[in-house]
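Data from final_25.json: JSON, C-alpha atoms
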[["chain", "number", "residue", "atom", "x", "y", "z"],
["S", 887, "MET", "CA", 163.74, 27.04, 151.93],
["S", 888, "VAL", "CA", 166.85, 26.05, 153.83],
["S", 889, "SER", "CA", 165.68, 28.11, 156.81],
["S", 890, "PHE", "CA", 162.82, 25.75, 157.53],
["S", 891, "ALA", "CA", 162.94, 22.68, 159.75],
["S", 892, "PHE", "CA", 161.33, 19.62, 158.17],
["S", 893, "SER", "CA", 159.24, 17.39, 160.39],
["S", 894, "ASN", "CA", 158.88, 13.65, 160.76],
["S", 895, "LEU", "CA", 157.14, 12.54, 157.58],
["S", 896, "LEU", "CA", 155.41, 9.68, 159.33],
["S", 897, "GLY", "CA", 153.03, 12.21, 160.85],
["S", 898, "VAL", "CA", 152.40, 13.82, 157.49],
["S", 899, "PHE", "CA", 151.43, 10.55, 155.88],
["S", 900, "ALA", "CA", 149.25, 9.74, 158.88],
["S", 901, "VAL", "CA", 147.32, 12.89, 158.03],
["S", 902, "LEU", "CA", 147.08, 11.91, 154.37],
["S", 903, "SER", "CA", 145.78, 8.49, 155.35],
["S", 904, "GLY", "CA", 143.15, 10.12, 157.56],
["S", 905, "LEU", "CA", 141.99, 12.32, 154.69],
["S", 906, "LEU", "CA", 141.92, 9.42, 152.26],
["S", 907, "ARG", "CA", 139.62, 7.48, 154.48],
["S", 908, "LYS", "CA", 137.17, 10.44, 154.37],
["S", 909, "PRO", "CA", 134.45, 10.27, 151.82],
["S", 910, "PRO", "CA", 157.09, 41.59, 130.57],
["S", 911, "SER", "CA", 160.27, 41.46, 128.63],
["S", 912, "LEU", "CA", 160.24, 39.53, 125.37],
["S", 913, "PRO", "CA", 161.88, 36.10, 125.60],
["S", 914, "ASP", "CA", 165.28, 35.71, 124.05],
["S", 915, "MET", "CA", 164.35, 32.22, 122.81],
["S", 916, "ALA", "CA", 161.23, 30.46, 121.61],
["S", 917, "PRO", "CA", 158.53, 30.33, 124.35],
["S", 918, "SER", "CA", 158.92, 27.41, 126.71],
["S", 919, "ALA", "CA", 155.18, 26.95, 127.27],
["S", 920, "ARG", "CA", 154.42, 23.23, 127.46],
["S", 921, "PRO", "CA", 151.73, 21.10, 129.13],
["S", 922, "THR", "CA", 151.86, 21.08, 132.94],
["S", 923, "PRO", "CA", 152.83, 17.58, 134.14],
["S", 924, "ALA", "CA", 150.31, 15.47, 136.01],
["S", 925, "ALA", "CA", 151.02, 13.84, 139.38],
["S", 926, "PRO", "CA", 153.15, 12.25, 140.65],
["S", 927, "HIS", "CA", 155.64, 15.11, 140.91],
["S", 928, "PHE", "CA", 159.25, 14.48, 141.90],
["S", 929, "VAL", "CA", 160.78, 17.87, 142.60],
["S", 930, "ILE", "CA", 164.37, 18.73, 143.42],
["S", 931, "TYR", "CA", 165.71, 22.19, 144.29],
["S", 932, "SER", "CA", 169.18, 23.47, 143.48],
["S", 933, "ASP", "CA", 170.68, 26.48, 145.25],
["S", 934, "LYS", "CA", 174.26, 25.48, 146.12],
["S", 935, "TRP", "CA", 177.18, 26.44, 143.94],
["S", 936, "VAL", "CA", 178.67, 23.18, 142.69],
["S", 937, "SER", "CA", 182.38, 23.17, 141.98],
["S", 938, "GLY", "CA", 183.13, 22.92, 138.29],
["S", 939, "GLU", "CA", 179.56, 23.27, 137.07],
["S", 940, "THR", "CA", 178.59, 25.62, 134.26],
["S", 941, "GLY", "CA", 174.84, 25.14, 134.41],
["S", 942, "PRO", "CA", 172.22, 22.70, 135.69],
["S", 943, "PRO", "CA", 173.31, 19.09, 136.14],
["S", 944, "ALA", "CA", 173.24, 16.57, 133.33],
["S", 945, "VAL", "CA", 170.01, 14.61, 132.99],
["S", 946, "SER", "CA", 171.81, 11.47, 134.14],
["S", 947, "SER", "CA", 172.46, 13.10, 137.53],
["S", 948, "ILE", "CA", 168.78, 13.78, 138.18],
["S", 949, "GLU", "CA", 167.13, 10.80, 136.51],
["S", 950, "GLY", "CA", 163.90, 9.97, 138.31],
["S", 951, "TYR", "CA", 162.83, 13.58, 138.91],
["S", 952, "ASN", "CA", 160.43, 15.44, 136.67],
["S", 953, "VAL", "CA", 160.84, 18.99, 138.01],
["S", 954, "PHE", "CA", 164.14, 20.79, 138.65],
["S", 955, "ALA", "CA", 163.88, 24.11, 140.51],
["S", 956, "LEU", "CA", 166.61, 26.72, 140.18],
["S", 957, "SER", "CA", 166.90, 28.68, 143.40],
["S", 958, "VAL", "CA", 166.57, 31.55, 143.89],
["S", 959, "TRP", "CA", 164.85, 34.56, 142.29],
["S", 960, "LEU", "CA", 164.64, 37.53, 144.66],
["S", 961, "THR", "CA", 162.85, 40.85, 144.53],
["S", 962, "SER", "CA", 166.30, 42.28, 143.77],
["S", 963, "GLY", "CA", 166.84, 39.82, 140.91],
["S", 964, "PRO", "CA", 168.24, 36.30, 140.40],
["S", 965, "ALA", "CA", 170.82, 34.80, 142.76],
["S", 966, "ASP", "CA", 172.70, 31.52, 143.15],
["S", 967, "GLN", "CA", 171.54, 28.89, 140.62],
["S", 968, "ALA", "CA", 168.95, 31.21, 139.08],
["S", 969, "LYS", "CA", 171.73, 33.71, 138.47],
["S", 970, "GLU", "CA", 173.96, 31.04, 136.98],
["S", 971, "TRP", "CA", 171.22, 30.24, 134.47],
["S", 972, "THR", "CA", 171.25, 33.84, 133.24],
["S", 973, "MET", "CA", 175.01, 33.69, 132.73],
["S", 974, "LEU", "CA", 174.72, 30.97, 130.10],
["S", 975, "ASP", "CA", 174.39, 32.03, 126.49],
["S", 976, "SER", "CA", 171.13, 31.44, 124.65],
["S", 977, "ALA", "CA", 172.37, 28.43, 122.70],
["S", 978, "THR", "CA", 173.55, 26.70, 125.88],
["S", 979, "ARG", "CA", 170.22, 27.30, 127.59],
["S", 980, "VAL", "CA", 168.39, 25.85, 124.58],
["S", 981, "SER", "CA", 170.64, 22.79, 124.75],
["S", 982, "TYR", "CA", 169.88, 22.24, 128.44],
["S", 983, "LEU", "CA", 166.15, 22.76, 127.94],
["S", 984, "THR", "CA", 166.06, 20.35, 125.03],
["S", 985, "SER", "CA", 167.81, 17.60, 126.98],
["S", 986, "TYR", "CA", 165.61, 18.18, 130.05],
["S", 987, "HIS", "CA", 162.39, 18.20, 128.06],
["S", 988, "ASP", "CA", 163.39, 15.10, 126.13],
["S", 989, "ALA", "CA", 163.86, 13.38, 129.50],
["S", 990, "GLY", "CA", 160.47, 14.60, 130.77],
["S", 991, "ILE", "CA", 161.97, 17.14, 133.21],
["S", 992, "SER", "CA", 160.57, 20.64, 133.62],
["S", 993, "LEU", "CA", 162.98, 23.44, 134.54],
["S", 994, "ILE", "CA", 161.50, 26.13, 136.80],
["S", 995, "VAL", "CA", 162.72, 28.93, 139.04],
["S", 996, "SER", "CA", 162.01, 29.17, 142.77],
["S", 997, "ALA", "CA", 161.29, 32.61, 144.20],
["S", 998, "PHE", "CA", 161.95, 34.31, 147.56],
["S", 999, "GLY", "CA", 163.10, 31.65, 150.05],
["S", 1000, "SER", "CA", 164.39, 32.70, 153.46],
["S", 1001, "THR", "CA", 166.18, 35.75, 152.03],
["S", 1002, "ASP", "CA", 163.12, 37.73, 150.95],
["S", 1003, "ALA", "CA", 160.23, 39.12, 153.00],
["S", 1004, "PRO", "CA", 158.31, 40.88, 150.24],
["S", 1005, "THR", "CA", 155.15, 41.66, 152.20],
["S", 1006, "THR", "CA", 156.96, 42.94, 155.29],
["S", 1007, "GLU", "CA", 159.29, 45.00, 153.13],
["S", 1008, "GLY", "CA", 156.38, 46.66, 151.34],
["S", 1009, "TYR", "CA", 156.85, 45.37, 147.80],
["S", 1010, "ASP", "CA", 153.86, 45.69, 145.49],
["S", 1011, "PRO", "CA", 152.63, 42.15, 144.60],
["S", 1012, "THR", "CA", 151.60, 43.11, 141.08],
["S", 1013, "THR", "CA", 154.98, 44.62, 140.26],
["S", 1014, "VAL", "CA", 156.89, 41.69, 141.77],
["S", 1015, "ALA", "CA", 154.72, 39.16, 139.94],
["S", 1016, "ASN", "CA", 155.21, 40.93, 136.62],
["S", 1017, "ASN", "CA", 158.98, 41.04, 137.16],
["S", 1018, "LEU", "CA", 159.09, 37.33, 137.98],
["S", 1019, "ALA", "CA", 156.91, 36.40, 135.01],
["S", 1020, "ALA", "CA", 159.14, 38.47, 132.73],
["S", 1021, "PHE", "CA", 162.15, 36.53, 134.03],
["S", 1022, "VAL", "CA", 160.46, 33.22, 133.24],
["S", 1023, "LEU", "CA", 159.68, 34.34, 129.70],
["S", 1024, "LYS", "CA", 163.05, 35.94, 129.04],
["S", 1025, "TYR", "CA", 164.97, 32.88, 130.14],
["S", 1026, "ASN", "CA", 162.54, 30.36, 128.67],
["S", 1027, "LEU", "CA", 161.71, 28.51, 131.88],
["S", 1028, "ASP", "CA", 158.78, 26.15, 132.42],
["S", 1029, "GLY", "CA", 157.32, 27.97, 135.40],
["S", 1030, "VAL", "CA", 157.77, 29.14, 138.97],
["S", 1031, "ASP", "CA", 157.71, 27.87, 142.54],
["S", 1032, "ILE", "CA", 156.72, 30.36, 145.23],
["S", 1033, "ASP", "CA", 158.81, 29.64, 148.32],
["S", 1034, "TYR", "CA", 157.22, 32.39, 150.42],
["S", 1035, "GLU", "CA", 158.82, 32.57, 153.86],
["S", 1036, "ASP", "CA", 157.71, 35.97, 155.17],
["S", 1037, "LEU", "CA", 157.09, 34.74, 158.72],
["S", 1038, "ASN", "CA", 156.47, 38.17, 160.23],
["S", 1039, "ALA", "CA", 153.79, 38.96, 157.67],
["S", 1040, "MET", "CA", 151.98, 35.64, 158.12],
["S", 1041, "ASN", "CA", 152.32, 35.64, 161.90],
["S", 1042, "ALA", "CA", 150.76, 39.09, 162.11],
["S", 1043, "GLN", "CA", 147.45, 37.40, 161.21],
["S", 1044, "ASN", "CA", 146.09, 40.64, 159.80],
["S", 1045, "GLY", "CA", 145.36, 39.33, 156.32],
["S", 1046, "PHE", "CA", 148.11, 41.29, 154.58],
["S", 1047, "ALA", "CA", 150.16, 38.17, 153.73],
["S", 1048, "GLU", "CA", 147.15, 36.32, 152.36],
["S", 1049, "THR", "CA", 146.03, 39.30, 150.29],
["S", 1050, "TRP", "CA", 149.57, 39.82, 148.98],
["S", 1051, "LEU", "CA", 149.88, 36.17, 147.91],
["S", 1052, "THR", "CA", 146.44, 36.20, 146.32],
["S", 1053, "THR", "CA", 147.13, 39.25, 144.17],
["S", 1054, "PHE", "CA", 150.62, 37.99, 143.38],
["S", 1055, "THR", "CA", 149.33, 34.59, 142.20],
["S", 1056, "GLU", "CA", 146.53, 36.09, 140.13],
["S", 1057, "THR", "CA", 148.98, 38.44, 138.43],
["S", 1058, "LEU", "CA", 151.42, 35.63, 137.64],
["S", 1059, "ARG", "CA", 148.67, 33.64, 135.95],
["S", 1060, "GLU", "CA", 147.83, 36.58, 133.68],
["S", 1061, "THR", "CA", 151.23, 36.12, 132.01],
["S", 1062, "LEU", "CA", 151.90, 32.45, 132.74],
["S", 1063, "PRO", "CA", 148.69, 30.66, 131.69],
["S", 1064, "GLN", "CA", 147.58, 27.57, 133.54],
["S", 1065, "GLY", "CA", 148.26, 24.39, 131.62],
["S", 1066, "GLN", "CA", 151.20, 26.01, 129.86],
["S", 1067, "TYR", "CA", 153.39, 27.07, 132.78],
["S", 1068, "ILE", "CA", 153.90, 25.44, 136.17],
["S", 1069, "LEU", "CA", 152.94, 27.54, 139.19],
["S", 1070, "THR", "CA", 153.50, 25.92, 142.58],
["S", 1071, "HIS", "CA", 153.71, 27.19, 146.15],
["S", 1072, "ALA", "CA", 155.94, 25.76, 148.88],
["S", 1073, "PRO", "CA", 154.22, 26.61, 152.18],
["S", 1074, "VAL", "CA", 155.07, 25.13, 155.54],
["S", 1075, "ALA", "CA", 152.40, 22.65, 156.59],
["S", 1076, "PRO", "CA", 151.28, 24.65, 159.66],
["S", 1077, "TRP", "CA", 150.04, 27.43, 157.37],
["S", 1078, "PHE", "CA", 147.13, 25.12, 156.52],
["S", 1079, "SER", "CA", 146.11, 25.19, 160.19],
["S", 1080, "THR", "CA", 142.94, 26.88, 161.45],
["S", 1081, "LYS", "CA", 145.05, 28.41, 164.23],
["S", 1082, "TYR", "CA", 145.66, 31.45, 162.00],
["S", 1083, "ALA", "CA", 142.89, 34.00, 162.49],
["S", 1084, "SER", "CA", 143.51, 35.44, 159.03],
["S", 1085, "GLY", "CA", 143.41, 32.03, 157.37],
["S", 1086, "ALA", "CA", 147.06, 31.68, 156.26],
["S", 1087, "TYR", "CA", 147.21, 29.17, 153.41],
["S", 1088, "LEU", "CA", 143.62, 28.08, 153.97],
["S", 1089, "ALA", "CA", 142.69, 31.57, 152.78],
["S", 1090, "VAL", "CA", 145.22, 31.54, 149.94],
["S", 1091, "ASN", "CA", 143.93, 28.18, 148.75],
["S", 1092, "LYS", "CA", 140.34, 29.36, 148.97],
["S", 1093, "HIS", "CA", 141.02, 32.40, 146.80],
["S", 1094, "VAL", "CA", 143.61, 31.16, 144.29],
["S", 1095, "GLY", "CA", 144.08, 27.45, 144.93],
["S", 1096, "SER", "CA", 142.55, 26.71, 141.54],
["S", 1097, "LEU", "CA", 145.43, 28.66, 139.95],
["S", 1098, "ILE", "CA", 148.13, 26.70, 141.83],
["S", 1099, "ASP", "CA", 149.18, 23.41, 140.25],
["S", 1100, "TRP", "CA", 150.36, 21.80, 143.48],
["S", 1101, "TYR", "CA", 151.92, 22.51, 146.88],
["S", 1102, "ASN", "CA", 155.49, 21.49, 147.72],
["S", 1103, "ILE", "CA", 154.73, 21.10, 151.42],
["S", 1104, "GLN", "CA", 157.52, 21.96, 153.85],
["S", 1105, "ALA", "CA", 156.38, 19.68, 156.64],
["S", 1106, "SER", "CA", 157.37, 21.63, 159.75],
["S", 1107, "ILE", "CA", 155.68, 22.28, 163.02],
["S", 1108, "PHE", "CA", 155.06, 25.88, 164.00],
["S", 1109, "HIS", "CA", 154.42, 26.73, 167.62],
["S", 1110, "LYS", "CA", 154.64, 30.05, 169.45],
["S", 1111, "GLY", "CA", 156.43, 31.65, 166.54],
["S", 1112, "GLN", "CA", 159.15, 29.05, 166.16],
["S", 1113, "PHE", "CA", 159.69, 25.96, 164.04],
["S", 1114, "HIS", "CA", 160.50, 22.83, 166.01],
["S", 1115, "VAL", "CA", 160.50, 19.06, 165.83],
["S", 1116, "ASN", "CA", 157.10, 17.46, 166.23],
["S", 1117, "THR", "CA", 156.20, 14.08, 167.63],
["S", 1118, "ASP", "CA", 153.97, 11.47, 166.07],
["S", 1119, "THR", "CA", 151.28, 12.38, 168.58],
["S", 1120, "ASP", "CA", 151.11, 16.17, 168.24],
["S", 1121, "PHE", "CA", 151.23, 16.35, 164.43],
["S", 1122, "PRO", "CA", 147.90, 14.62, 163.73],
["S", 1123, "VAL", "CA", 146.25, 16.77, 166.41],
["S", 1124, "LEU", "CA", 147.44, 19.95, 164.69],
["S", 1125, "TYR", "CA", 146.69, 18.71, 161.19],
["S", 1126, "SER", "CA", 143.49, 16.75, 161.31],
["S", 1127, "SER", "CA", 142.00, 15.53, 158.06],
["S", 1128, "THR", "CA", 139.10, 17.91, 158.58],
["S", 1129, "ILE", "CA", 141.45, 20.90, 158.51],
["S", 1130, "ILE", "CA", 143.02, 19.83, 155.22],
["S", 1131, "ALA", "CA", 139.64, 18.90, 153.74],
["S", 1132, "ALA", "CA", 138.29, 22.32, 154.71],
["S", 1133, "ALA", "CA", 141.05, 23.87, 152.61],
["S", 1134, "GLY", "CA", 139.72, 22.10, 149.55],
["S", 1135, "VAL", "CA", 143.18, 20.77, 148.68],
["S", 1136, "THR", "CA", 142.98, 17.60, 146.65],
["S", 1137, "LEU", "CA", 145.41, 14.82, 147.46],
["S", 1138, "ASP", "CA", 147.16, 15.04, 144.11],
["S", 1139, "LYS", "CA", 148.29, 18.56, 145.08],
["S", 1140, "LEU", "CA", 149.98, 17.60, 148.37],
["S", 1141, "VAL", "CA", 153.63, 16.95, 147.49],
["S", 1142, "ILE", "CA", 155.64, 16.15, 150.63],
["S", 1143, "GLY", "CA", 159.05, 17.73, 151.15],
["S", 1144, "LYS", "CA", 162.13, 16.38, 152.94],
["S", 1145, "PRO", "CA", 165.78, 17.41, 153.34],
["S", 1146, "ALA", "CA", 168.30, 15.26, 151.49],
["S", 1147, "THR", "CA", 170.63, 15.01, 154.49],
["S", 1148, "SER", "CA", 170.66, 15.99, 158.14],
["S", 1149, "ALA", "CA", 172.82, 18.96, 157.13],
["S", 1150, "ASP", "CA", 170.17, 20.33, 154.75],
["S", 1151, "ALA", "CA", 167.71, 21.23, 157.52],
["S", 1152, "SER", "CA", 167.80, 21.57, 161.29],
["S", 1153, "ASN", "CA", 165.61, 18.49, 161.72],
["S", 1154, "GLY", "CA", 163.38, 16.09, 159.84],
["S", 1155, "TYR", "CA", 165.99, 14.00, 158.05],
["S", 1156, "MET", "CA", 164.73, 10.52, 157.22],
["S", 1157, "SER", "CA", 166.63, 7.70, 155.57],
["S", 1158, "THR", "CA", 165.55, 6.86, 152.06],
["S", 1159, "SER", "CA", 164.50, 3.38, 153.14],
["S", 1160, "ILE", "CA", 162.06, 4.66, 155.76],
["S", 1161, "LEU", "CA", 160.84, 7.44, 153.50],
["S", 1162, "ALA", "CA", 160.21, 4.93, 150.70],
["S", 1163, "GLN", "CA", 158.04, 2.88, 153.06],
["S", 1164, "CYS", "CA", 156.06, 5.99, 154.06],
["S", 1165, "VAL", "CA", 155.50, 6.82, 150.40],
["S", 1166, "GLU", "CA", 154.38, 3.26, 149.73],
["S", 1167, "ASN", "CA", 151.94, 3.27, 152.66],
["S", 1168, "ALA", "CA", 150.32, 6.50, 151.45],
["S", 1169, "TYR", "CA", 150.25, 5.27, 147.87],
["S", 1170, "GLN", "CA", 148.37, 2.16, 148.91],
["S", 1171, "GLU", "CA", 145.73, 4.47, 150.42],
["S", 1172, "GLY", "CA", 145.31, 6.29, 147.10],
["S", 1173, "TRP", "CA", 147.71, 9.25, 147.45],
["S", 1174, "ASP", "CA", 150.06, 9.83, 144.50],
["S", 1175, "ALA", "CA", 151.12, 13.50, 144.59],
["S", 1176, "GLY", "CA", 154.86, 12.91, 144.85],
["S", 1177, "VAL", "CA", 157.92, 13.96, 146.81],
["S", 1178, "MET", "CA", 160.04, 17.11, 146.95],
["S", 1179, "VAL", "CA", 163.63, 17.27, 148.21],
["S", 1180, "TRP", "CA", 166.00, 20.05, 149.28],
["S", 1181, "GLU", "CA", 168.53, 19.95, 147.64],
["S", 1182, "PHE", "CA", 170.91, 18.98, 144.80],
["S", 1183, "PRO", "CA", 173.65, 17.71, 144.86],
["S", 1184, "ASP", "CA", 173.03, 16.19, 148.30],
["S", 1185, "ALA", "CA", 170.11, 14.42, 146.65],
["S", 1186, "ALA", "CA", 170.48, 13.20, 143.09],
["S", 1187, "ALA", "CA", 169.38, 10.23, 140.97],
["S", 1188, "ALA", "CA", 170.22, 7.57, 143.57],
["S", 1189, "TRP", "CA", 168.19, 9.37, 146.27],
["S", 1190, "ILE", "CA", 164.96, 9.53, 144.31],
["S", 1191, "GLU", "CA", 165.42, 6.01, 142.94],
["S", 1192, "ALA", "CA", 165.47, 4.73, 146.52],
["S", 1193, "VAL", "CA", 162.50, 6.84, 147.61],
["S", 1194, "ARG", "CA", 160.42, 5.76, 144.61],
["S", 1195, "SER", "CA", 161.44, 2.12, 144.79],
["S", 1196, "PHE", "CA", 158.26, 0.74, 146.40],
["S", 1197, "ALA", "CA", 155.46, 2.98, 145.16],
["S", 1198, "PHE", "CA", 156.82, 4.43, 141.92],
["S", 1199, "PRO", "CA", 159.59, 2.17, 140.62],
["S", 1200, "GLU", "CA", 161.01, 3.00, 137.21]]
Just dump the structure as structure tokens.
Amino acid sequence: MVSFAFSNLLGVFAVLSGLLRKPPSLPDMAPSARPTPAAPHFVIYSDKWVSGETGPPAVSSIEGYNVFALSVWLTSGPADQAKEWTMLDSATRVSYLTSYHDAGISLIVSAFGSTDAPTTEGYDPTTVANNLAAFVLKYNLDGVDIDYEDLNAMNAQNGFAETWLTTFTETLRETLPQGQYILTHAPVAPWFSTKYASGAYLAVNKHVGSLIDWYNIQASIFHKGQFHVNTDTDFPVLYSSTIIAAAGVTLDKLVIGKPATSADASNGYMSTSILAQCVENAYQEGWDAGVMVWEFPDAAAAWIEAVRSFAFPE
């Protein structure tokens, strides 16, 4: 996810306002399966190695979030924070899960990111999905986030990326039943554009959107093969409410993503005070999907407390 540039969220919420105005291996512990949380979703990713840590952060460090995503699981296996999770013994994992669940926090794993290009590299979607599902079961996680960033495959506009994601998602749901395990996708917002002849995420949503709990939207602008900063004027043109409505994506599935600091993405940083006002404005229009942030520890409890302060105070 770190490879993506996040856009000005004001444009994203302008789009939301426009839409609103329109009428495996066996697990080594007891199964984690638990009810999928309803909106709003407050999602934080963790990929960085944190000095002195021996596992996920204490609940007190991430109070205010309800989903914590360990990044990243790759086609070659777990890396970074996902790898660290596997290095804990079973009893320690149970202890973390118990404390997280008691606090209303789901612990999931995020797959792929900017490192993997599974479609371009020719990986079979069924095999990859079964391997990922087995990882979730073995390590007793609450679900998966699909941070698919295979730009070459999607930009080819030949349908291979969409077909790959469709088969992959269907296969995941065979092992990770809906309502028991979280399954989210984290597409860049431009992949919901009609500019893609093959459909991009409009096609994915059409085929398997009912199997996806929500979208952690990476709000970037994509133009001529590159991600770049948008302006308040060009974003609504590219993402009209009719485009999003055509995708059949309900508002409670559109979780908006931002970087925690200006160092966490090449653009798109917004102060928590401005972001909180954007969230409040959208909330007043009826949107309540939630907010995603990249990444811990740059964002922690204080960050989400500030962002939630107007619309979702605790």
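In terms of minimum interatomic distance to S:Glu939, S:Pro1183 ranks closest within S:Gly1008, S:Pro1145, S:Pro1183, S:Pro1199, counting all atoms listed in the file.
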_Distance query S:Met887 at most 12 Å, only C-alpha atoms, self and fewer than 5 positions along chain excluded, as a PyMOL selection string_ = chain S and resi 892+930-933+955+957-958+996-1002+1031-1036+1071-1074+1102-1106+1143-1145+1150-1152+1178-1181
Kindly compute an axis-aligned box around the listed atoms of stretch 1063-1072 of chain S, allowing 4 Å on each side, and express its centre and edge lengths in Å to one decimal as JSON.
{"center_x": 151.8, "center_y": 27.5, "center_z": 139.4, "size_x": 16.4, "size_y": 14.3, "size_z": 27.0}
_Given all atoms listed in the file as the basis, pick out the residue of S:Thr984, S:Thr1006, S:Thr1061, S:Thr1052 nearest to S:Leu1018._
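The answer is S:Thr1061, which sits nearest to S:Leu1018.
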_Between atom CA of S:Asn1016 and atom CA of S:Asp966 - distance in Å to one decimal_ =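 Here the two named atoms are 20.9 Å from each other.
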*Just how far from atom CA of S:Thr1070 is atom CA of S:Gly1176, in Å to one decimal?*
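Separation between atom CA of S:Gly1176 and atom CA of S:Thr1070: 13.3 Å.
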*What is the atom CA of S:Leu993-atom CA of S:Trp1050 distance in Å, reported with one decimal?*
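Those two atoms sit 25.6 Å apart.
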_Near-S:Asn1041 list (9 Å; only C-alpha atoms; drop same-chain fewer than 5 positions) as an NGL selection string_ = :S and (1036 or 1047 or 1082 or 1086 or 1111)
_Residue nearest S:Ala1197 among S:Ala1162, S:Leu1140, S:Leu1037, S:Ala1175 (counting all atoms listed in the file)_ =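 Looking at the shortest contact to S:Ala1197, the residue is S:Ala1162.
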*Can you tell me, as a PyMOL selection string, what residues are no more than 10 Å from S:Ala925 when counting all atoms listed in the file, ignoring any on the same chain fewer than 6 positions away?*
chain S and resi 952+1099-1100+1137-1141+1173-1176
*Who sits within 12 Å of S:Asn1017, all atoms listed in the file, same chain under 6 positions skipped, as a list in words*: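 Those residues are Pro910, Ser911, Leu912, Trp959, Leu960, Thr961, Ser962, Gly963, Pro964, Ala997, Tyr1009, Asp1010, Pro1011, Leu1023, Lys1024, Phe1054, Thr1057, Leu1058, Thr1061 and Leu1062 of chain S.
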*Residue with smallest distance to S:Thr1147 - pool S:Ala1186, S:Val1094, S:Val980, S:Ile994, counting only C-alpha atoms*: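 Answer, going by the shortest atom-to-atom distance: S:Ala1186.
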